[in-house]
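Student: Next up, start_27.pdb (PDB, C-alpha atoms).
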```pdb
MODEL        1
ATOM      1  CA  MET Q   1      83.325  92.998 102.758  1.00  0.00           C
ATOM      2  CA  THR Q   2      84.904  96.278 101.689  1.00  0.00           C
ATOM      3  CA  ASN Q   3      83.112  99.552 101.205  1.00  0.00           C
ATOM      4  CA  PRO Q   4      83.230 100.581  97.515  1.00  0.00           C
ATOM      5  CA  HIS Q   5      83.082 104.266  98.502  1.00  0.00           C
ATOM      6  CA  LEU Q   6      86.320 104.145 100.511  1.00  0.00           C
ATOM      7  CA  PRO Q   7      89.703 104.194  98.764  1.00  0.00           C
ATOM      8  CA  ALA Q   8      91.776 101.024  98.883  1.00  0.00           C
ATOM      9  CA  ALA Q   9      94.271 100.660 101.713  1.00  0.00           C
ATOM     10  CA  PRO Q  10      97.652 101.969 100.503  1.00  0.00           C
ATOM     11  CA  ALA Q  11      99.377  98.678 101.403  1.00  0.00           C
ATOM     12  CA  THR Q  12      97.074  96.706  99.085  1.00  0.00           C
ATOM     13  CA  ASP Q  13      96.672  99.259  96.289  1.00  0.00           C
ATOM     14  CA  PRO Q  14      99.124  98.516  93.466  1.00  0.00           C
ATOM     15  CA  THR Q  15      98.405 101.945  91.923  1.00  0.00           C
ATOM     16  CA  PHE Q  16      99.230 103.880  95.116  1.00  0.00           C
ATOM     17  CA  THR Q  17     101.381 106.934  94.457  1.00  0.00           C
ATOM     18  CA  ALA Q  18     102.554 109.069  97.351  1.00  0.00           C
ATOM     19  CA  PRO Q  19     102.164 112.863  97.239  1.00  0.00           C
ATOM     20  CA  SER Q  20     105.235 114.885  96.323  1.00  0.00           C
ATOM     21  CA  LEU Q  21     107.946 115.645  98.836  1.00  0.00           C
ATOM     22  CA  GLY Q  22     107.316 119.336  98.152  1.00  0.00           C
ATOM     23  CA  ARG Q  23     103.768 119.116  99.516  1.00  0.00           C
ATOM     24  CA  ARG Q  24     104.956 117.180 102.555  1.00  0.00           C
ATOM     25  CA  PHE Q  25     107.717 119.698 103.241  1.00  0.00           C
ATOM     26  CA  GLY Q  26     105.285 122.585 102.719  1.00  0.00           C
ATOM     27  CA  ALA Q  27     102.931 121.069 105.297  1.00  0.00           C
ATOM     28  CA  LEU Q  28     105.799 120.677 107.754  1.00  0.00           C
ATOM     29  CA  ILE Q  29     106.876 124.315 107.309  1.00  0.00           C
ATOM     30  CA  ILE Q  30     103.309 125.542 107.921  1.00  0.00           C
ATOM     31  CA  ASP Q  31     103.023 123.328 111.006  1.00  0.00           C
ATOM     32  CA  TRP Q  32     106.406 124.483 112.298  1.00  0.00           C
ATOM     33  CA  VAL Q  33     105.427 128.159 112.010  1.00  0.00           C
ATOM     34  CA  LEU Q  34     102.228 127.400 113.934  1.00  0.00           C
ATOM     35  CA  CYS Q  35     104.288 125.587 116.596  1.00  0.00           C
ATOM     36  CA  LEU Q  36     106.561 128.619 116.951  1.00  0.00           C
ATOM     37  CA  LEU Q  37     103.545 130.895 117.377  1.00  0.00           C
ATOM     38  CA  VAL Q  38     101.851 128.626 119.936  1.00  0.00           C
ATOM     39  CA  SER Q  39     105.036 127.969 121.919  1.00  0.00           C
ATOM     40  CA  ASN Q  40     105.602 131.733 122.117  1.00  0.00           C
ATOM     41  CA  ILE Q  41     102.599 131.840 124.478  1.00  0.00           C
ATOM     42  CA  PHE Q  42     104.393 129.908 127.248  1.00  0.00           C
ATOM     43  CA  ALA Q  43     108.104 130.096 126.361  1.00  0.00           C
ATOM     44  CA  ASP Q  44     110.651 131.921 124.231  1.00  0.00           C
ATOM     45  CA  PRO Q  45     111.066 129.580 121.233  1.00  0.00           C
ATOM     46  CA  VAL Q  46     114.468 131.077 120.421  1.00  0.00           C
ATOM     47  CA  ARG Q  47     115.864 130.537 123.911  1.00  0.00           C
ATOM     48  CA  ASP Q  48     113.807 127.447 124.804  1.00  0.00           C
ATOM     49  CA  GLY Q  49     114.206 125.238 121.737  1.00  0.00           C
ATOM     50  CA  TRP Q  50     112.260 122.405 123.385  1.00  0.00           C
ATOM     51  CA  ALA Q  51     109.001 124.398 123.380  1.00  0.00           C
ATOM     52  CA  PRO Q  52     108.144 124.330 119.654  1.00  0.00           C
ATOM     53  CA  VAL Q  53     109.292 120.700 119.435  1.00  0.00           C
ATOM     54  CA  LEU Q  54     106.943 119.779 122.299  1.00  0.00           C
ATOM     55  CA  VAL Q  55     104.085 121.604 120.560  1.00  0.00           C
ATOM     56  CA  LEU Q  56     104.880 119.792 117.281  1.00  0.00           C
ATOM     57  CA  VAL Q  57     104.795 116.357 118.925  1.00  0.00           C
ATOM     58  CA  LEU Q  58     101.527 117.151 120.725  1.00  0.00           C
ATOM     59  CA  MET Q  59     100.001 118.667 117.579  1.00  0.00           C
ATOM     60  CA  TYR Q  60     100.859 115.555 115.575  1.00  0.00           C
ATOM     61  CA  GLY Q  61      99.401 113.293 118.241  1.00  0.00           C
ATOM     62  CA  ILE Q  62      96.134 115.185 118.505  1.00  0.00           C
ATOM     63  CA  PHE Q  63      95.565 116.232 114.902  1.00  0.00           C
ATOM     64  CA  LEU Q  64      96.776 113.031 113.218  1.00  0.00           C
ATOM     65  CA  GLY Q  65      95.096 110.849 115.808  1.00  0.00           C
ATOM     66  CA  LEU Q  66      91.710 112.537 115.579  1.00  0.00           C
ATOM     67  CA  PHE Q  67      91.578 114.118 112.110  1.00  0.00           C
ATOM     68  CA  ALA Q  68      94.321 112.392 110.065  1.00  0.00           C
ATOM     69  CA  GLN Q  69      95.651 115.870 109.155  1.00  0.00           C
ATOM     70  CA  THR Q  70      97.600 118.660 110.754  1.00  0.00           C
ATOM     71  CA  PRO Q  71      96.700 122.232 109.736  1.00  0.00           C
ATOM     72  CA  GLY Q  72      99.646 122.225 107.306  1.00  0.00           C
ATOM     73  CA  MET Q  73      98.483 118.951 105.778  1.00  0.00           C
ATOM     74  CA  TYR Q  74      94.998 120.377 105.359  1.00  0.00           C
ATOM     75  CA  ILE Q  75      96.363 123.370 103.449  1.00  0.00           C
ATOM     76  CA  THR Q  76      98.602 121.219 101.209  1.00  0.00           C
ATOM     77  CA  LYS Q  77      95.803 118.652 100.680  1.00  0.00           C
ATOM     78  CA  ILE Q  78      97.510 115.606 102.132  1.00  0.00           C
ATOM     79  CA  ARG Q  79      96.667 113.366 105.061  1.00  0.00           C
ATOM     80  CA  CYS Q  80      98.334 110.725 107.205  1.00  0.00           C
ATOM     81  CA  VAL Q  81      96.530 107.386 107.343  1.00  0.00           C
ATOM     82  CA  ASN Q  82      97.060 103.828 108.478  1.00  0.00           C
ATOM     83  CA  TRP Q  83      99.216 101.962 105.943  1.00  0.00           C
ATOM     84  CA  HIS Q  84      97.213  98.747 106.258  1.00  0.00           C
ATOM     85  CA  ASP Q  85      93.585  99.929 106.223  1.00  0.00           C
ATOM     86  CA  GLY Q  86      93.593 103.628 105.230  1.00  0.00           C
ATOM     87  CA  GLY Q  87      91.952 104.708 108.515  1.00  0.00           C
ATOM     88  CA  ARG Q  88      93.168 107.060 111.237  1.00  0.00           C
ATOM     89  CA  ILE Q  89      96.344 106.142 113.074  1.00  0.00           C
ATOM     90  CA  GLY Q  90      95.139 107.166 116.544  1.00  0.00           C
ATOM     91  CA  VAL Q  91      96.601 109.533 119.118  1.00  0.00           C
ATOM     92  CA  LEU Q  92      99.338 107.228 120.468  1.00  0.00           C
ATOM     93  CA  ARG Q  93     100.737 106.417 117.023  1.00  0.00           C
ATOM     94  CA  GLY Q  94     100.408 110.106 116.091  1.00  0.00           C
ATOM     95  CA  LEU Q  95     102.534 110.998 119.139  1.00  0.00           C
ATOM     96  CA  ILE Q  96     105.110 108.351 118.214  1.00  0.00           C
ATOM     97  CA  ARG Q  97     105.224 109.622 114.629  1.00  0.00           C
ATOM     98  CA  GLY Q  98     105.628 113.221 115.846  1.00  0.00           C
ATOM     99  CA  LEU Q  99     108.395 112.292 118.268  1.00  0.00           C
ATOM    100  CA  LEU Q 100     110.303 110.406 115.585  1.00  0.00           C
ATOM    101  CA  LEU Q 101     109.779 113.245 113.104  1.00  0.00           C
ATOM    102  CA  ALA Q 102     111.262 115.646 115.656  1.00  0.00           C
ATOM    103  CA  LEU Q 103     114.457 113.552 115.506  1.00  0.00           C
ATOM    104  CA  VAL Q 104     114.636 114.456 111.749  1.00  0.00           C
ATOM    105  CA  VAL Q 105     116.826 111.513 110.683  1.00  0.00           C
ATOM    106  CA  PRO Q 106     113.982 108.954 110.452  1.00  0.00           C
ATOM    107  CA  ALA Q 107     112.191 111.216 107.970  1.00  0.00           C
ATOM    108  CA  LEU Q 108     115.209 111.136 105.658  1.00  0.00           C
ATOM    109  CA  ILE Q 109     115.248 107.325 105.389  1.00  0.00           C
ATOM    110  CA  MET Q 110     112.461 106.586 102.883  1.00  0.00           C
ATOM    111  CA  ASP Q 111     111.204 103.550 101.013  1.00  0.00           C
ATOM    112  CA  GLU Q 112     109.702 103.367  97.509  1.00  0.00           C
ATOM    113  CA  HIS Q 113     106.353 104.702  98.801  1.00  0.00           C
ATOM    114  CA  ARG Q 114     108.029 107.759 100.385  1.00  0.00           C
ATOM    115  CA  ARG Q 115     107.394 106.322 103.839  1.00  0.00           C
ATOM    116  CA  GLY Q 116     110.035 107.562 106.225  1.00  0.00           C
ATOM    117  CA  LEU Q 117     111.238 105.475 109.123  1.00  0.00           C
ATOM    118  CA  HIS Q 118     108.804 107.422 111.316  1.00  0.00           C
ATOM    119  CA  ASP Q 119     105.942 106.321 109.026  1.00  0.00           C
ATOM    120  CA  ARG Q 120     107.030 102.688 108.993  1.00  0.00           C
ATOM    121  CA  ILE Q 121     107.336 102.532 112.796  1.00  0.00           C
ATOM    122  CA  ALA Q 122     103.947 104.246 113.244  1.00  0.00           C
ATOM    123  CA  GLY Q 123     102.342 102.144 110.496  1.00  0.00           C
ATOM    124  CA  SER Q 124     101.322 105.269 108.608  1.00  0.00           C
ATOM    125  CA  VAL Q 125     101.614 106.755 105.129  1.00  0.00           C
ATOM    126  CA  ILE Q 126     100.981 110.172 103.592  1.00  0.00           C
ATOM    127  CA  VAL Q 127      98.269 110.176 100.908  1.00  0.00           C
ATOM    128  CA  ASP Q 128      96.397 112.749  98.848  1.00  0.00           C
ATOM    129  CA  ALA Q 129      93.439 114.166 100.769  1.00  0.00           C
ATOM    130  CA  PRO Q 130      90.114 113.817  99.000  1.00  0.00           C
ATOM    131  CA  ARG Q 131      88.123 117.009  98.740  1.00  0.00           C
ATOM    132  CA  GLY Q 132      84.420 116.716  98.471  1.00  0.00           C
TER     133      GLY Q 132
ENDMDL
END
```
Any chance you could put this one into structure tokens?

Tutor:
Amino acid sequence: MTNPHLPAAPATDPTFTAPSLGRRFGALIIDWVLCLLVSNIFADPVRDGWAPVLVLVLMYGIFLGLFAQTPGMYITKIRCVNWHDGGRIGVLRGLIRGLLLALVVPALIMDEHRRGLHDRIAGSVIVDAPRG
């Protein structure tokens, strides 16, 4: 039995429309700036290019796994959910998604639902975030 108060899972919703690429890119820029600021605490992000990337992967794992949103996603009103049931993707899949996103290329290979290769491997999708 499904809950009528929850939105349909993106995989089974024929009316599903992904948020714009502009909002997704805006969220990524906000998150990247935060990663640069945080990594500056323990490394020089200009000299040590691995530091902000490490922070990004960890941020995606923790925030997507526990809250379905990074700070940038919260600001741009999008969230990352499980493609099949619309729930959270969990910390491990959030880490995998973050690691693949850090490789950049998987994000450029998208399907008709704007799911990058990193989303398809992690079983996730970006959706509009309900505000209530």

Student: Please write the residues picked by the PyMOL selection byres ((chain Q and resi 112-124) around 7) on this file as a ChimeraX atom specification.

Tutor: /Q:17-18,80-83,89,93,96-97,100-101,106-111,125

Student: Specify as a PyMOL selection string each residue included when the PyMOL selection byres ((chain Q and resi 128) around 12) is applied to this file.

Tutor: chain Q and resi 7+10+16-21+23-24+68-69+73-81+86+125-127+129-131

Student: Atom CA of Q:Leu58 and atom CA of Q:Ile29, how far apart in Å?

Tutor: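 Answer for the atom CA of Q:Ile29 to atom CA of Q:Leu58 separation: 16.1 Å.
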
Student: In terms of the shortest atom-to-atom distance over only C-alpha atoms, which of Q:Val46, Q:Cys35, Q:Leu56, Q:Ala27 is closest to Q:Leu95?

Tutor: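 The closest residue to Q:Leu95 is Q:Leu56.
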
Student: Rank Q:Gly26, Q:Val105, Q:Gly98, Q:Arg88 by their smallest atom-to-atom distance to Q:Leu54, using all atoms listed in the file, and report the top residue only.

Tutor: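 Going through Q:Gly26, Q:Val105, Q:Gly98, Q:Arg88 one by one, the smallest distance to Q:Leu54 is for Q:Gly98.
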
Student: What's the separation between atom CA of Q:Leu92 and atom CA of Q:Thr70, in Å to one decimal place?

Tutor: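 Computing the Euclidean distance for atom CA of Q:Leu92 and atom CA of Q:Thr70 yields 15.1 Å.
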
Student: For Q:Gly90, find every residue with an atom within 7 Å (counting all atoms listed in the file), except residues of its own chain fewer than 3 positions away, and show them as a ChimeraX atom specification.

Tutor: /Q:64-66,93-94

Student: Would you compute the distance between atom CA of Q:Leu36 and atom CA of Q:Trp50? Give it in Å to one decimal.

Tutor: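 Taking atom CA of Q:Leu36 as the start and atom CA of Q:Trp50 as the end point, the length is 10.6 Å.
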
Student: Up to 12 Å from (105.7, 129.2, 123.5) in the file's coordinates: name the residues, counting only C-alpha atoms, as number ranges by chain.

Tutor: Q: 33-56

Student: How would the residues just picked look written out with C-alpha atoms as a PDB file, in the coordinates of the input?

Tutor:
```pdb
ATOM      1  CA  VAL Q  33     105.427 128.159 112.010  1.00  0.00           C
ATOM      2  CA  LEU Q  34     102.228 127.400 113.934  1.00  0.00           C
ATOM      3  CA  CYS Q  35     104.288 125.587 116.596  1.00  0.00           C
ATOM      4  CA  LEU Q  36     106.561 128.619 116.951  1.00  0.00           C
ATOM      5  CA  LEU Q  37     103.545 130.895 117.377  1.00  0.00           C
ATOM      6  CA  VAL Q  38     101.851 128.626 119.936  1.00  0.00           C
ATOM      7  CA  SER Q  39     105.036 127.969 121.919  1.00  0.00           C
ATOM      8  CA  ASN Q  40     105.602 131.733 122.117  1.00  0.00           C
ATOM      9  CA  ILE Q  41     102.599 131.840 124.478  1.00  0.00           C
ATOM     10  CA  PHE Q  42     104.393 129.908 127.248  1.00  0.00           C
ATOM     11  CA  ALA Q  43     108.104 130.096 126.361  1.00  0.00           C
ATOM     12  CA  ASP Q  44     110.651 131.921 124.231  1.00  0.00           C
ATOM     13  CA  PRO Q  45     111.066 129.580 121.233  1.00  0.00           C
ATOM     14  CA  VAL Q  46     114.468 131.077 120.421  1.00  0.00           C
ATOM     15  CA  ARG Q  47     115.864 130.537 123.911  1.00  0.00           C
ATOM     16  CA  ASP Q  48     113.807 127.447 124.804  1.00  0.00           C
ATOM     17  CA  GLY Q  49     114.206 125.238 121.737  1.00  0.00           C
ATOM     18  CA  TRP Q  50     112.260 122.405 123.385  1.00  0.00           C
ATOM     19  CA  ALA Q  51     109.001 124.398 123.380  1.00  0.00           C
ATOM     20  CA  PRO Q  52     108.144 124.330 119.654  1.00  0.00           C
ATOM     21  CA  VAL Q  53     109.292 120.700 119.435  1.00  0.00           C
ATOM     22  CA  LEU Q  54     106.943 119.779 122.299  1.00  0.00           C
ATOM     23  CA  VAL Q  55     104.085 121.604 120.560  1.00  0.00           C
ATOM     24  CA  LEU Q  56     104.880 119.792 117.281  1.00  0.00           C
TER      25      LEU Q  56
END
```

Student: From the list Q:Ile62, Q:Thr15, Q:Val104, Q:Phe67, which residue is nearest Q:Val91 when using all atoms listed in the file?

Tutor: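 Ranking Q:Ile62, Q:Thr15, Q:Val104, Q:Phe67 by distance to Q:Val91, first place goes to Q:Ile62.
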
Student: When distances are computed from all atoms listed in the file, which of Q:Asp31, Q:Ala11, Q:Ala102, Q:Gly22 shows the smallest separation from Q:Pro71?

Tutor: Q:Asp31
